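Working notes, structure below.
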Amino acid sequence: MANESTDVLVIGAGVIGLCAARELSQRGLSVRVIDRERPADGASCGNAGLVSYGHPPLTRPGASWRGLRWMFDSRSPLLVRPRLNRDFLRWMWSFHRHCSRDHFDECMQVLAAMGRTSLAHFEALASEVEDCGYRREGWLDVFATKRSLEAAGAEAAMLDGLGYPSEPWSGGTLRSREPCYRGSVAGARHYSLAATLDPRRLVAGLVRTLETRGVAFAFGSEADALLGASERVEGARTADGTEHRAATTLIAAGTWSDRLARLAGLDLPMQGARGYHLEFEAVSPLPRIGAVLHETFVAVTSFHGRLRLAGTLELGGLDRPWMRERLEQLPIAADRYLNCLGGAVRVSEWAGYRPCLADGMPAVGMVPGRPGLMLATGHAMMGVTLGPATGVMVADLLTTGRSELESPRLDPGRFGSVAPSNAVPV
């Protein structure tokens, strides 16, 4: 069984796939999006809802050593659950090697450029989804201690040099503008260019908007093979036997992208890093500006009268159950900063996987040696922020053959190739 061929087949209906579909359809290309499920519970919907331009990669200098120190603390911001798995051990070693200052500085240049592109396009995107709660009031890096506040000056100066300025707020200034913070909190830095939104409504609204523009969707359709003749990829086959043919196939399947990439012989060292969130109602006073609680890495956002606490990274395989203690750690960690959780009523909880490549950077572009195949994945915690930029980059590459955002740090082929795990059928 085959569908009518389209210009582009997008595998993955998260924020990256949808932003790419939006940009491609705006340029007059026919697009079909397929996904194993409706985009309701993936990382695109469960994240904090912070649009934080200039967000650093996971491979901060020293991050791997901190991960080792936290390995046996189930309450730590980053938890590595060791396992004797070759791909996992290889990923960990590669991650460790990339936690260097030189790599970090190079990545920040690339991410800053992508952030500027997203910033230029986000207002238009959000206006198409009017109920997504988009508010461009910046974000706060909130510090429990004066020592942390002073130490953050170096990173703030770096971000300022990349075009993302911030303003230091004393504890008194912070509480005068956001009464939800405790008197013991030392202060914050306010990054004015950022925004907050409801990611679940953003994704659902994009699906509705794209459907009205003629983008076709097939949910409950899990791609299990790539179609092609010789080396050229000409679409994908789903588990029910349906063939979705297209001139170009874009893999934007988040954590599950590595399996599809391997079908085409592409090495893509990916790990799903589980994150958690809790949502509360009856919170007063409700924070107005999105924030990250610096010492705990817990993100705080509010939309539609609810408070969302999101955070933690947990590496250890896709088949392990939730760790209830990590979920419960979110309000415990937040209570050190916030005075508004006493009467809060818990209304929802979530856990899901962020797609993390070993060098901390996304993979966006054409797959070398496989004409007709593109990749847009590995955005870790930056998917919402970098979604518009990724869509622009994909559309530029496909329609003009080049993009101002191209970089060796984003090259899908930078990890090399592997023997295909499954023949690409005709």
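Letters A, B, ... mark the chains of the structure tokens in the order given; residue numbers begin at 1 per chain; ligand numbers begin at 1, in order shown.
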Identify, with DSSP run on backbone atoms, the residues in range 112-294 of chain A assigned to alpha helix (DSSP H), and express the list as a short mmCIF file (atom, residue, chain, number, x, y, z; two decimals) with all heavy atoms, in the first residue's frame.
```cif
data_model
loop_
_atom_site.label_atom_id
_atom_site.label_comp_id
_atom_site.auth_asym_id
_atom_site.auth_seq_id
_atom_site.Cartn_x
_atom_site.Cartn_y
_atom_site.Cartn_z
N ALA A 112 24.47 30.42 19.23
CA ALA A 112 24.08 31.83 19.27
C ALA A 112 23.51 32.26 17.93
O ALA A 112 22.51 33.00 17.87
CB ALA A 112 25.28 32.70 19.64
N ALA A 113 24.12 31.81 16.83
CA ALA A 113 23.60 32.15 15.51
C ALA A 113 22.23 31.52 15.29
O ALA A 113 21.32 32.17 14.74
CB ALA A 113 24.59 31.68 14.44
N MET A 114 22.05 30.27 15.70
CA MET A 114 20.74 29.64 15.57
C MET A 114 19.71 30.37 16.44
O MET A 114 18.56 30.57 16.03
CB MET A 114 20.82 28.17 15.98
CG MET A 114 21.67 27.32 15.06
SD MET A 114 21.63 25.56 15.50
CE MET A 114 19.99 25.09 14.88
N GLY A 115 20.12 30.79 17.62
CA GLY A 115 19.21 31.52 18.49
C GLY A 115 18.74 32.82 17.88
O GLY A 115 17.57 33.19 17.99
N ARG A 116 19.64 33.53 17.21
CA ARG A 116 19.25 34.79 16.57
C ARG A 116 18.24 34.54 15.45
O ARG A 116 17.30 35.33 15.26
CB ARG A 116 20.49 35.51 16.04
CG ARG A 116 21.35 36.12 17.13
CD ARG A 116 22.43 37.01 16.56
NE ARG A 116 23.48 36.26 15.90
CZ ARG A 116 24.57 35.78 16.50
NH1 ARG A 116 24.73 35.98 17.80
NH2 ARG A 116 25.49 35.12 15.84
N THR A 117 18.41 33.44 14.73
CA THR A 117 17.44 33.11 13.68
C THR A 117 16.09 32.76 14.29
O THR A 117 15.05 33.19 13.80
CB THR A 117 17.97 31.95 12.82
OG1 THR A 117 19.20 32.33 12.20
CG2 THR A 117 16.96 31.57 11.74
N SER A 118 16.10 31.96 15.35
CA SER A 118 14.83 31.64 16.02
C SER A 118 14.15 32.89 16.54
O SER A 118 12.93 33.06 16.41
CB SER A 118 15.08 30.66 17.17
OG SER A 118 15.17 29.33 16.72
N LEU A 119 14.93 33.79 17.14
CA LEU A 119 14.37 35.02 17.67
C LEU A 119 13.68 35.84 16.58
O LEU A 119 12.60 36.41 16.80
CB LEU A 119 15.49 35.85 18.31
CG LEU A 119 15.11 37.21 18.91
CD1 LEU A 119 14.09 37.04 20.02
CD2 LEU A 119 16.36 37.92 19.43
N ALA A 120 14.25 35.85 15.39
CA ALA A 120 13.68 36.61 14.29
C ALA A 120 12.39 36.01 13.76
O ALA A 120 11.60 36.70 13.10
CB ALA A 120 14.70 36.72 13.14
N HIS A 121 12.14 34.72 14.05
CA HIS A 121 10.97 34.04 13.49
C HIS A 121 9.92 33.66 14.53
O HIS A 121 8.80 33.29 14.16
CB HIS A 121 11.41 32.76 12.76
CG HIS A 121 12.12 33.01 11.47
ND1 HIS A 121 13.45 33.38 11.41
CD2 HIS A 121 11.69 32.97 10.18
CE1 HIS A 121 13.80 33.53 10.14
NE2 HIS A 121 12.77 33.28 9.39
N PHE A 122 10.24 33.74 15.81
CA PHE A 122 9.35 33.18 16.82
C PHE A 122 8.06 33.98 16.97
O PHE A 122 6.99 33.42 17.25
CB PHE A 122 10.03 33.06 18.18
CG PHE A 122 9.80 31.74 18.84
CD1 PHE A 122 10.84 30.86 19.04
CD2 PHE A 122 8.53 31.35 19.23
CE1 PHE A 122 10.63 29.62 19.63
CE2 PHE A 122 8.30 30.11 19.82
CZ PHE A 122 9.36 29.25 20.02
N GLU A 123 8.12 35.29 16.82
CA GLU A 123 6.91 36.10 16.98
C GLU A 123 5.85 35.67 15.97
O GLU A 123 4.67 35.51 16.31
CB GLU A 123 7.23 37.58 16.82
CG GLU A 123 8.22 38.14 17.82
CD GLU A 123 7.61 38.33 19.20
OE1 GLU A 123 6.37 38.37 19.30
OE2 GLU A 123 8.39 38.43 20.17
N ALA A 124 6.26 35.48 14.71
CA ALA A 124 5.31 35.07 13.68
C ALA A 124 4.77 33.68 13.96
O ALA A 124 3.57 33.42 13.79
CB ALA A 124 5.98 35.12 12.30
N LEU A 125 5.64 32.78 14.39
CA LEU A 125 5.19 31.42 14.69
C LEU A 125 4.17 31.43 15.82
O LEU A 125 3.11 30.81 15.74
CB LEU A 125 6.40 30.55 15.05
CG LEU A 125 6.17 29.06 15.28
CD1 LEU A 125 7.44 28.30 14.98
CD2 LEU A 125 5.76 28.76 16.71
N ALA A 126 4.48 32.15 16.89
CA ALA A 126 3.58 32.18 18.05
C ALA A 126 2.25 32.84 17.72
O ALA A 126 1.21 32.48 18.27
CB ALA A 126 4.25 32.90 19.22
N SER A 127 2.27 33.81 16.80
CA SER A 127 1.02 34.47 16.44
C SER A 127 0.06 33.54 15.71
O SER A 127 -1.15 33.77 15.67
CB SER A 127 1.31 35.70 15.57
OG SER A 127 1.80 35.32 14.28
N GLU A 128 0.60 32.47 15.12
CA GLU A 128 -0.24 31.50 14.44
C GLU A 128 -0.90 30.53 15.43
O GLU A 128 -1.85 29.83 15.07
CB GLU A 128 0.60 30.70 13.43
CG GLU A 128 1.17 31.56 12.30
CD GLU A 128 2.11 30.77 11.41
OE1 GLU A 128 2.20 29.53 11.59
OE2 GLU A 128 2.75 31.38 10.55
N LYS A 146 24.97 34.15 47.38
CA LYS A 146 25.72 35.26 46.81
C LYS A 146 26.93 34.75 46.04
O LYS A 146 27.32 35.32 45.01
CB LYS A 146 26.15 36.21 47.91
CG LYS A 146 26.84 37.48 47.41
CD LYS A 146 27.10 38.46 48.53
CE LYS A 146 25.81 39.00 49.11
NZ LYS A 146 26.05 40.06 50.12
N ARG A 147 27.53 33.67 46.48
CA ARG A 147 28.69 33.11 45.79
C ARG A 147 28.32 32.67 44.37
O ARG A 147 29.05 32.94 43.42
CB ARG A 147 29.23 31.92 46.59
CG ARG A 147 30.44 31.25 45.97
CD ARG A 147 30.91 30.08 46.82
NE ARG A 147 32.03 29.39 46.22
CZ ARG A 147 32.62 28.32 46.73
NH1 ARG A 147 32.17 27.80 47.87
NH2 ARG A 147 33.63 27.74 46.11
N SER A 148 27.18 31.99 44.23
CA SER A 148 26.74 31.57 42.90
C SER A 148 26.43 32.78 42.02
O SER A 148 26.75 32.80 40.83
CB SER A 148 25.50 30.69 43.01
OG SER A 148 25.78 29.48 43.67
N LEU A 149 25.81 33.78 42.60
CA LEU A 149 25.46 35.00 41.85
C LEU A 149 26.72 35.67 41.30
O LEU A 149 26.77 36.07 40.13
CB LEU A 149 24.69 35.95 42.75
CG LEU A 149 24.29 37.31 42.17
CD1 LEU A 149 23.39 37.13 40.96
CD2 LEU A 149 23.60 38.16 43.24
N GLU A 150 27.74 35.77 42.13
CA GLU A 150 28.98 36.41 41.68
C GLU A 150 29.70 35.56 40.64
O GLU A 150 30.26 36.09 39.68
CB GLU A 150 29.88 36.66 42.89
CG GLU A 150 29.32 37.71 43.86
CD GLU A 150 30.10 37.77 45.16
OE1 GLU A 150 30.96 36.88 45.39
OE2 GLU A 150 29.84 38.70 45.95
N ALA A 151 29.70 34.24 40.81
CA ALA A 151 30.39 33.35 39.88
C ALA A 151 29.73 33.34 38.51
O ALA A 151 30.38 33.01 37.50
CB ALA A 151 30.44 31.93 40.44
N GLY A 153 28.85 35.78 36.76
CA GLY A 153 29.20 36.94 35.95
C GLY A 153 29.96 36.60 34.69
O GLY A 153 29.77 37.22 33.65
N ALA A 154 30.84 35.59 34.77
CA ALA A 154 31.66 35.23 33.61
C ALA A 154 30.79 34.70 32.48
O ALA A 154 30.97 35.07 31.31
CB ALA A 154 32.70 34.19 34.01
N GLU A 155 29.81 33.82 32.81
CA GLU A 155 28.93 33.30 31.75
C GLU A 155 28.03 34.40 31.21
O GLU A 155 27.77 34.45 30.00
CB GLU A 155 28.08 32.14 32.28
CG GLU A 155 27.17 31.54 31.22
CD GLU A 155 26.57 30.21 31.62
OE1 GLU A 155 27.35 29.29 31.95
OE2 GLU A 155 25.33 30.10 31.61
N ALA A 156 27.57 35.29 32.07
CA ALA A 156 26.75 36.40 31.61
C ALA A 156 27.53 37.29 30.64
O ALA A 156 26.98 37.74 29.62
CB ALA A 156 26.25 37.22 32.80
N ALA A 157 28.81 37.53 30.93
CA ALA A 157 29.63 38.34 30.03
C ALA A 157 29.82 37.64 28.68
O ALA A 157 29.80 38.28 27.63
CB ALA A 157 30.98 38.62 30.68
N MET A 158 30.00 36.31 28.72
CA MET A 158 30.14 35.55 27.49
C MET A 158 28.88 35.65 26.64
O MET A 158 28.94 35.90 25.43
CB MET A 158 30.46 34.09 27.83
CG MET A 158 30.60 33.15 26.64
SD MET A 158 29.05 32.34 26.14
CE MET A 158 28.74 31.29 27.57
N LEU A 159 27.72 35.49 27.26
CA LEU A 159 26.46 35.56 26.53
C LEU A 159 26.20 36.97 26.01
O LEU A 159 25.67 37.16 24.91
CB LEU A 159 25.30 35.10 27.41
CG LEU A 159 25.28 33.60 27.73
CD1 LEU A 159 24.20 33.28 28.75
CD2 LEU A 159 25.06 32.79 26.45
N ASP A 160 26.60 37.97 26.77
CA ASP A 160 26.46 39.35 26.32
C ASP A 160 27.27 39.57 25.05
O ASP A 160 26.82 40.24 24.11
CB ASP A 160 26.91 40.31 27.42
CG ASP A 160 26.71 41.76 27.03
OD1 ASP A 160 25.55 42.22 27.02
OD2 ASP A 160 27.71 42.44 26.72
N GLY A 161 28.47 39.01 25.01
CA GLY A 161 29.30 39.13 23.81
C GLY A 161 28.71 38.42 22.60
O GLY A 161 29.05 38.75 21.45
N GLY A 171 18.55 40.65 45.42
CA GLY A 171 17.45 39.90 46.02
C GLY A 171 16.23 40.77 46.22
O GLY A 171 15.09 40.34 45.98
N GLY A 172 16.46 42.02 46.63
CA GLY A 172 15.33 42.92 46.84
C GLY A 172 14.62 43.26 45.55
O GLY A 172 13.38 43.31 45.50
N THR A 173 15.40 43.52 44.49
CA THR A 173 14.79 43.80 43.18
C THR A 173 13.99 42.60 42.69
O THR A 173 12.87 42.74 42.18
CB THR A 173 15.88 44.17 42.16
OG1 THR A 173 16.58 45.33 42.60
CG2 THR A 173 15.28 44.42 40.79
N LEU A 174 14.56 41.41 42.84
CA LEU A 174 13.87 40.19 42.41
C LEU A 174 12.53 40.06 43.12
O LEU A 174 11.50 39.82 42.47
CB LEU A 174 14.74 38.97 42.71
CG LEU A 174 14.11 37.60 42.49
CD1 LEU A 174 13.77 37.38 41.03
CD2 LEU A 174 15.04 36.49 43.00
N ARG A 175 12.51 40.25 44.43
CA ARG A 175 11.26 40.07 45.18
C ARG A 175 10.25 41.18 44.92
O ARG A 175 9.04 40.95 44.98
CB ARG A 175 11.58 39.95 46.68
CG ARG A 175 12.15 38.59 47.03
CD ARG A 175 12.46 38.48 48.51
NE ARG A 175 13.68 39.22 48.85
CZ ARG A 175 14.91 38.75 48.69
NH1 ARG A 175 15.10 37.54 48.16
NH2 ARG A 175 15.96 39.46 49.04
N SER A 176 10.73 42.38 44.58
CA SER A 176 9.80 43.45 44.26
C SER A 176 9.09 43.19 42.95
O SER A 176 7.95 43.63 42.75
CB SER A 176 10.53 44.79 44.21
OG SER A 176 11.40 44.86 43.08
N ARG A 177 9.74 42.48 42.05
CA ARG A 177 9.15 42.18 40.74
C ARG A 177 8.49 40.81 40.69
O ARG A 177 7.57 40.59 39.92
CB ARG A 177 10.23 42.29 39.65
CG ARG A 177 10.88 43.67 39.62
CD ARG A 177 11.82 43.82 38.45
NE ARG A 177 12.50 45.12 38.50
CZ ARG A 177 13.29 45.59 37.53
NH1 ARG A 177 13.50 44.86 36.44
NH2 ARG A 177 13.87 46.77 37.66
N PRO A 199 4.27 24.53 25.87
CA PRO A 199 4.75 23.74 24.73
C PRO A 199 3.71 22.77 24.17
O PRO A 199 3.66 22.53 22.97
CB PRO A 199 5.96 23.00 25.30
CG PRO A 199 5.75 23.00 26.78
CD PRO A 199 5.01 24.26 27.10
N ARG A 200 2.85 22.22 25.05
CA ARG A 200 1.84 21.29 24.54
C ARG A 200 0.85 22.01 23.61
O ARG A 200 0.51 21.50 22.54
CB ARG A 200 1.09 20.64 25.70
CG ARG A 200 0.02 19.64 25.24
CD ARG A 200 -0.61 18.89 26.39
NE ARG A 200 0.21 17.75 26.78
CZ ARG A 200 0.90 17.66 27.90
NH1 ARG A 200 0.86 18.65 28.77
NH2 ARG A 200 1.61 16.59 28.19
N ARG A 201 0.43 23.20 23.99
CA ARG A 201 -0.48 23.95 23.13
C ARG A 201 0.22 24.45 21.87
O ARG A 201 -0.41 24.57 20.81
CB ARG A 201 -1.08 25.12 23.90
CG ARG A 201 -2.02 24.68 25.02
CD ARG A 201 -2.89 25.82 25.49
NE ARG A 201 -3.71 25.44 26.62
CZ ARG A 201 -4.72 26.16 27.09
NH1 ARG A 201 -5.03 27.31 26.49
NH2 ARG A 201 -5.42 25.76 28.13
N LEU A 202 1.51 24.75 21.98
CA LEU A 202 2.26 25.15 20.78
C LEU A 202 2.25 24.02 19.76
O LEU A 202 1.95 24.25 18.58
CB LEU A 202 3.69 25.50 21.15
CG LEU A 202 4.62 25.80 19.97
CD1 LEU A 202 4.24 27.11 19.29
CD2 LEU A 202 6.08 25.81 20.40
N VAL A 203 2.58 22.81 20.19
CA VAL A 203 2.65 21.68 19.27
C VAL A 203 1.27 21.36 18.69
O VAL A 203 1.11 21.18 17.47
CB VAL A 203 3.26 20.46 19.98
CG1 VAL A 203 3.10 19.21 19.14
CG2 VAL A 203 4.73 20.71 20.28
N ALA A 204 0.24 21.30 19.55
CA ALA A 204 -1.11 21.01 19.05
C ALA A 204 -1.58 22.08 18.09
O ALA A 204 -2.22 21.79 17.06
CB ALA A 204 -2.08 20.89 20.23
N GLY A 205 -1.27 23.35 18.39
CA GLY A 205 -1.67 24.43 17.51
C GLY A 205 -0.96 24.40 16.17
O GLY A 205 -1.55 24.71 15.13
N LEU A 206 0.31 24.01 16.17
CA LEU A 206 1.03 23.90 14.91
C LEU A 206 0.43 22.81 14.03
O LEU A 206 0.33 22.97 12.81
CB LEU A 206 2.51 23.60 15.18
CG LEU A 206 3.39 24.80 15.55
CD1 LEU A 206 4.77 24.34 15.97
CD2 LEU A 206 3.49 25.78 14.38
N VAL A 207 0.04 21.69 14.64
CA VAL A 207 -0.60 20.63 13.86
C VAL A 207 -1.87 21.17 13.20
O VAL A 207 -2.11 20.96 11.99
CB VAL A 207 -0.91 19.41 14.74
CG1 VAL A 207 -1.78 18.40 13.98
CG2 VAL A 207 0.38 18.74 15.21
N ARG A 208 -2.71 21.87 13.96
CA ARG A 208 -3.95 22.43 13.39
C ARG A 208 -3.65 23.41 12.26
O ARG A 208 -4.29 23.36 11.20
CB ARG A 208 -4.76 23.13 14.48
CG ARG A 208 -5.34 22.22 15.54
CD ARG A 208 -6.39 22.95 16.36
NE ARG A 208 -5.86 24.16 17.00
CZ ARG A 208 -5.31 24.19 18.21
NH1 ARG A 208 -5.20 23.07 18.91
NH2 ARG A 208 -4.87 25.32 18.72
N THR A 209 -2.69 24.28 12.48
CA THR A 209 -2.36 25.28 11.46
C THR A 209 -1.84 24.63 10.20
O THR A 209 -2.23 25.00 9.08
CB THR A 209 -1.32 26.26 12.02
OG1 THR A 209 -1.86 26.95 13.14
CG2 THR A 209 -0.91 27.28 10.97
N LEU A 210 -0.97 23.65 10.35
CA LEU A 210 -0.39 23.01 9.17
C LEU A 210 -1.42 22.19 8.41
O LEU A 210 -1.38 22.12 7.17
CB LEU A 210 0.78 22.12 9.60
CG LEU A 210 2.01 22.88 10.13
CD1 LEU A 210 3.06 21.91 10.67
CD2 LEU A 210 2.62 23.76 9.05
N GLU A 211 -2.36 21.60 9.13
CA GLU A 211 -3.42 20.87 8.43
C GLU A 211 -4.23 21.81 7.54
O GLU A 211 -4.61 21.44 6.42
CB GLU A 211 -4.33 20.18 9.45
CG GLU A 211 -3.71 18.93 10.06
CD GLU A 211 -4.60 18.30 11.12
OE1 GLU A 211 -5.37 19.04 11.79
OE2 GLU A 211 -4.55 17.06 11.27
N THR A 212 -4.52 23.01 8.01
CA THR A 212 -5.27 23.97 7.19
C THR A 212 -4.47 24.41 5.97
O THR A 212 -5.06 24.87 4.99
CB THR A 212 -5.67 25.21 8.01
OG1 THR A 212 -4.49 25.92 8.42
CG2 THR A 212 -6.48 24.82 9.24
N SER A 257 15.63 8.74 16.52
CA SER A 257 16.25 9.04 15.22
C SER A 257 17.46 8.15 14.94
O SER A 257 17.76 7.86 13.77
CB SER A 257 16.67 10.51 15.15
OG SER A 257 15.57 11.38 15.25
N ASP A 258 18.18 7.74 15.99
CA ASP A 258 19.40 6.97 15.75
C ASP A 258 19.11 5.65 15.07
O ASP A 258 19.86 5.19 14.20
CB ASP A 258 20.18 6.78 17.04
CG ASP A 258 19.39 6.03 18.11
OD1 ASP A 258 18.15 6.02 18.04
OD2 ASP A 258 20.03 5.47 19.03
N ARG A 259 18.00 5.02 15.44
CA ARG A 259 17.65 3.74 14.82
C ARG A 259 17.38 3.91 13.33
O ARG A 259 17.83 3.11 12.51
CB ARG A 259 16.43 3.14 15.51
CG ARG A 259 15.97 1.81 14.94
CD ARG A 259 14.75 1.29 15.66
NE ARG A 259 13.62 2.21 15.54
CZ ARG A 259 12.81 2.25 14.48
NH1 ARG A 259 13.00 1.43 13.45
NH2 ARG A 259 11.79 3.08 14.45
N LEU A 260 16.65 4.95 12.97
CA LEU A 260 16.36 5.21 11.56
C LEU A 260 17.62 5.60 10.80
O LEU A 260 17.82 5.19 9.65
CB LEU A 260 15.31 6.31 11.44
CG LEU A 260 13.93 5.96 11.98
CD1 LEU A 260 13.04 7.19 12.04
CD2 LEU A 260 13.27 4.88 11.12
N ALA A 261 18.47 6.40 11.43
CA ALA A 261 19.72 6.79 10.77
C ALA A 261 20.60 5.58 10.50
O ALA A 261 21.27 5.50 9.46
CB ALA A 261 20.45 7.82 11.62
N ARG A 262 20.59 4.64 11.42
CA ARG A 262 21.42 3.44 11.25
C ARG A 262 20.97 2.62 10.04
O ARG A 262 21.77 1.94 9.40
CB ARG A 262 21.39 2.60 12.52
CG ARG A 262 22.36 1.43 12.54
CD ARG A 262 22.38 0.77 13.91
NE ARG A 262 23.04 1.62 14.89
CZ ARG A 262 24.35 1.59 15.11
NH1 ARG A 262 25.12 0.74 14.45
NH2 ARG A 262 24.88 2.38 16.03
N LEU A 263 19.67 2.67 9.73
CA LEU A 263 19.19 1.95 8.54
C LEU A 263 19.89 2.44 7.28
O LEU A 263 20.06 1.69 6.32
CB LEU A 263 17.68 2.15 8.38
CG LEU A 263 16.78 1.60 9.49
CD1 LEU A 263 15.32 1.89 9.17
CD2 LEU A 263 17.00 0.12 9.70
#
```
Selection: 10 Å around Arg101 in chain A, only C-alpha atoms, excl. self and same-chain fewer than 6 positions, as number ranges by chain: A: 59-62, 107
Atomic distance CA of Arg36 in chain A - CA of Ala223 in chain A, expressed in Å with one decimal: 7.6 Å
Counting only C-alpha atoms, the residue of A:Ala43, A:Met361, A:Ala195, A:Met270 that sits nearest Met108 in chain A: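 Distance minimum relative to Met108 in chain A lands on A:Met361.
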All residues 8 Å or closer to range 230-246 of chain A, only C-alpha atoms, same chain fewer than 2 positions away omitted, as a PyMOL selection string: chain A and resi 1-9+221-228+248-249+369-373+424
Contacts of Met92 in chain A within 10 Å, only C-alpha atoms, excl. fewer than 2 positions in-chain, as a list in words: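 Skipping anything fewer than 2 positions along the chain leaves Ser64, Val80, Pro82, Arg86, Asp87, Phe88, Leu89, Arg90, Ser94, Phe95, His96, Arg97, His98, Pro269, Gln271, Leu315, Ala358 and Asp359 of chain A.
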Writer output for current selection, N, CA, C and O atoms, as a JSON list (two decimals), in the first residue's frame:
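The resulting again.json:
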```json
[["chain", "number", "residue", "atom", "x", "y", "z"],
["A", 64, "SER", "N", 31.16, 16.26, 32.69],
["A", 64, "SER", "CA", 31.29, 14.81, 32.83],
["A", 64, "SER", "C", 31.80, 14.44, 34.23],
["A", 64, "SER", "O", 31.37, 13.44, 34.81],
["A", 80, "VAL", "N", 23.48, 9.50, 36.16],
["A", 80, "VAL", "CA", 23.92, 8.48, 35.22],
["A", 80, "VAL", "C", 23.71, 7.12, 35.87],
["A", 80, "VAL", "O", 24.28, 6.84, 36.93],
["A", 82, "PRO", "N", 24.60, 3.57, 35.45],
["A", 82, "PRO", "CA", 25.56, 2.78, 34.66],
["A", 82, "PRO", "C", 24.95, 1.48, 34.14],
["A", 82, "PRO", "O", 24.14, 0.84, 34.81],
["A", 86, "ARG", "N", 27.57, -1.39, 25.07],
["A", 86, "ARG", "CA", 28.64, -0.80, 24.27],
["A", 86, "ARG", "C", 28.29, 0.60, 23.78],
["A", 86, "ARG", "O", 29.11, 1.52, 23.86],
["A", 87, "ASP", "N", 27.08, 0.78, 23.26],
["A", 87, "ASP", "CA", 26.70, 2.09, 22.75],
["A", 87, "ASP", "C", 26.67, 3.14, 23.86],
["A", 87, "ASP", "O", 27.08, 4.29, 23.67],
["A", 88, "PHE", "N", 26.19, 2.73, 25.04],
["A", 88, "PHE", "CA", 26.13, 3.66, 26.16],
["A", 88, "PHE", "C", 27.53, 4.05, 26.63],
["A", 88, "PHE", "O", 27.82, 5.24, 26.84],
["A", 89, "LEU", "N", 28.42, 3.07, 26.78],
["A", 89, "LEU", "CA", 29.78, 3.36, 27.22],
["A", 89, "LEU", "C", 30.52, 4.21, 26.20],
["A", 89, "LEU", "O", 31.28, 5.13, 26.56],
["A", 90, "ARG", "N", 30.29, 3.95, 24.93],
["A", 90, "ARG", "CA", 30.92, 4.77, 23.88],
["A", 90, "ARG", "C", 30.40, 6.19, 23.94],
["A", 90, "ARG", "O", 31.15, 7.15, 23.79],
["A", 94, "SER", "N", 32.67, 9.60, 24.64],
["A", 94, "SER", "CA", 32.64, 10.72, 23.69],
["A", 94, "SER", "C", 32.15, 11.99, 24.37],
["A", 94, "SER", "O", 32.69, 13.09, 24.15],
["A", 95, "PHE", "N", 31.11, 11.87, 25.20],
["A", 95, "PHE", "CA", 30.60, 13.02, 25.94],
["A", 95, "PHE", "C", 31.72, 13.62, 26.81],
["A", 95, "PHE", "O", 31.93, 14.84, 26.84],
["A", 96, "HIS", "N", 32.45, 12.77, 27.51],
["A", 96, "HIS", "CA", 33.53, 13.24, 28.36],
["A", 96, "HIS", "C", 34.58, 14.01, 27.54],
["A", 96, "HIS", "O", 35.05, 15.08, 27.95],
["A", 97, "ARG", "N", 34.95, 13.47, 26.40],
["A", 97, "ARG", "CA", 35.97, 14.13, 25.57],
["A", 97, "ARG", "C", 35.51, 15.49, 25.05],
["A", 97, "ARG", "O", 36.34, 16.37, 24.80],
["A", 98, "HIS", "N", 34.20, 15.65, 24.88],
["A", 98, "HIS", "CA", 33.69, 16.91, 24.34],
["A", 98, "HIS", "C", 33.42, 17.95, 25.43],
["A", 98, "HIS", "O", 33.03, 19.08, 25.10],
["A", 269, "PRO", "N", 25.47, 8.65, 17.56],
["A", 269, "PRO", "CA", 25.51, 8.26, 18.98],
["A", 269, "PRO", "C", 24.51, 9.06, 19.81],
["A", 269, "PRO", "O", 24.78, 10.18, 20.22],
["A", 271, "GLN", "N", 21.60, 9.21, 23.04],
["A", 271, "GLN", "CA", 21.04, 8.68, 24.28],
["A", 271, "GLN", "C", 19.81, 9.50, 24.63],
["A", 271, "GLN", "O", 19.79, 10.72, 24.45],
["A", 315, "LEU", "N", 20.31, 9.52, 32.62],
["A", 315, "LEU", "CA", 20.83, 8.68, 31.55],
["A", 315, "LEU", "C", 20.89, 7.25, 32.03],
["A", 315, "LEU", "O", 21.49, 6.97, 33.07],
["A", 358, "ALA", "N", 26.27, 12.78, 21.54],
["A", 358, "ALA", "CA", 27.42, 12.68, 22.44],
["A", 358, "ALA", "C", 28.22, 13.97, 22.54],
["A", 358, "ALA", "O", 28.90, 14.20, 23.54],
["A", 359, "ASP", "N", 28.17, 14.83, 21.53],
["A", 359, "ASP", "CA", 28.94, 16.07, 21.58],
["A", 359, "ASP", "C", 28.10, 17.26, 22.01],
["A", 359, "ASP", "O", 28.55, 18.41, 21.99]]
```
Length of the CA of Asn47 in chain A to CA of Thr385 in chain A vector [Å]: 10.9 Å
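Backbone DSSP over range 75-148 of chain A gives strand (DSSP E or B) for Leu78, Leu79, Val80, Arg135, Trp139, Leu140, Asp141, Val142 and Phe143 of chain A.
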Proximity to Glu106 in chain A - best of A:Pro355, A:Gly383, A:Gly360, A:Pro368, only C-alpha atoms: A:Gly360
Residue neighbourhood range 183-190 of chain A, 7 Å, only C-alpha atoms, exclusion window fewer than 6 positions, as a count of residues only: 18
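Note that the spacing between CA of Val392 in chain A and CA of Thr196 in chain A amounts to 21.0 Å.
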All residues 8 Å or closer to Val364 in chain A, only C-alpha atoms, same chain fewer than 5 positions away omitted, as a ChimeraX atom specification: /A:374-377,390,393-394,410-412
Minimum-distance residue to Gln26 in chain A, chosen among A:Met382, A:Arg136, A:Val215, A:His304 (using only C-alpha atoms):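 Closest to Gln26 in chain A of all the choices is A:Val215.
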Selection: 6 Å around range 347-354 of chain A, only C-alpha atoms, excl. self and same-chain fewer than 6 positions, as a ChimeraX atom specification: /A:43,272-280,380
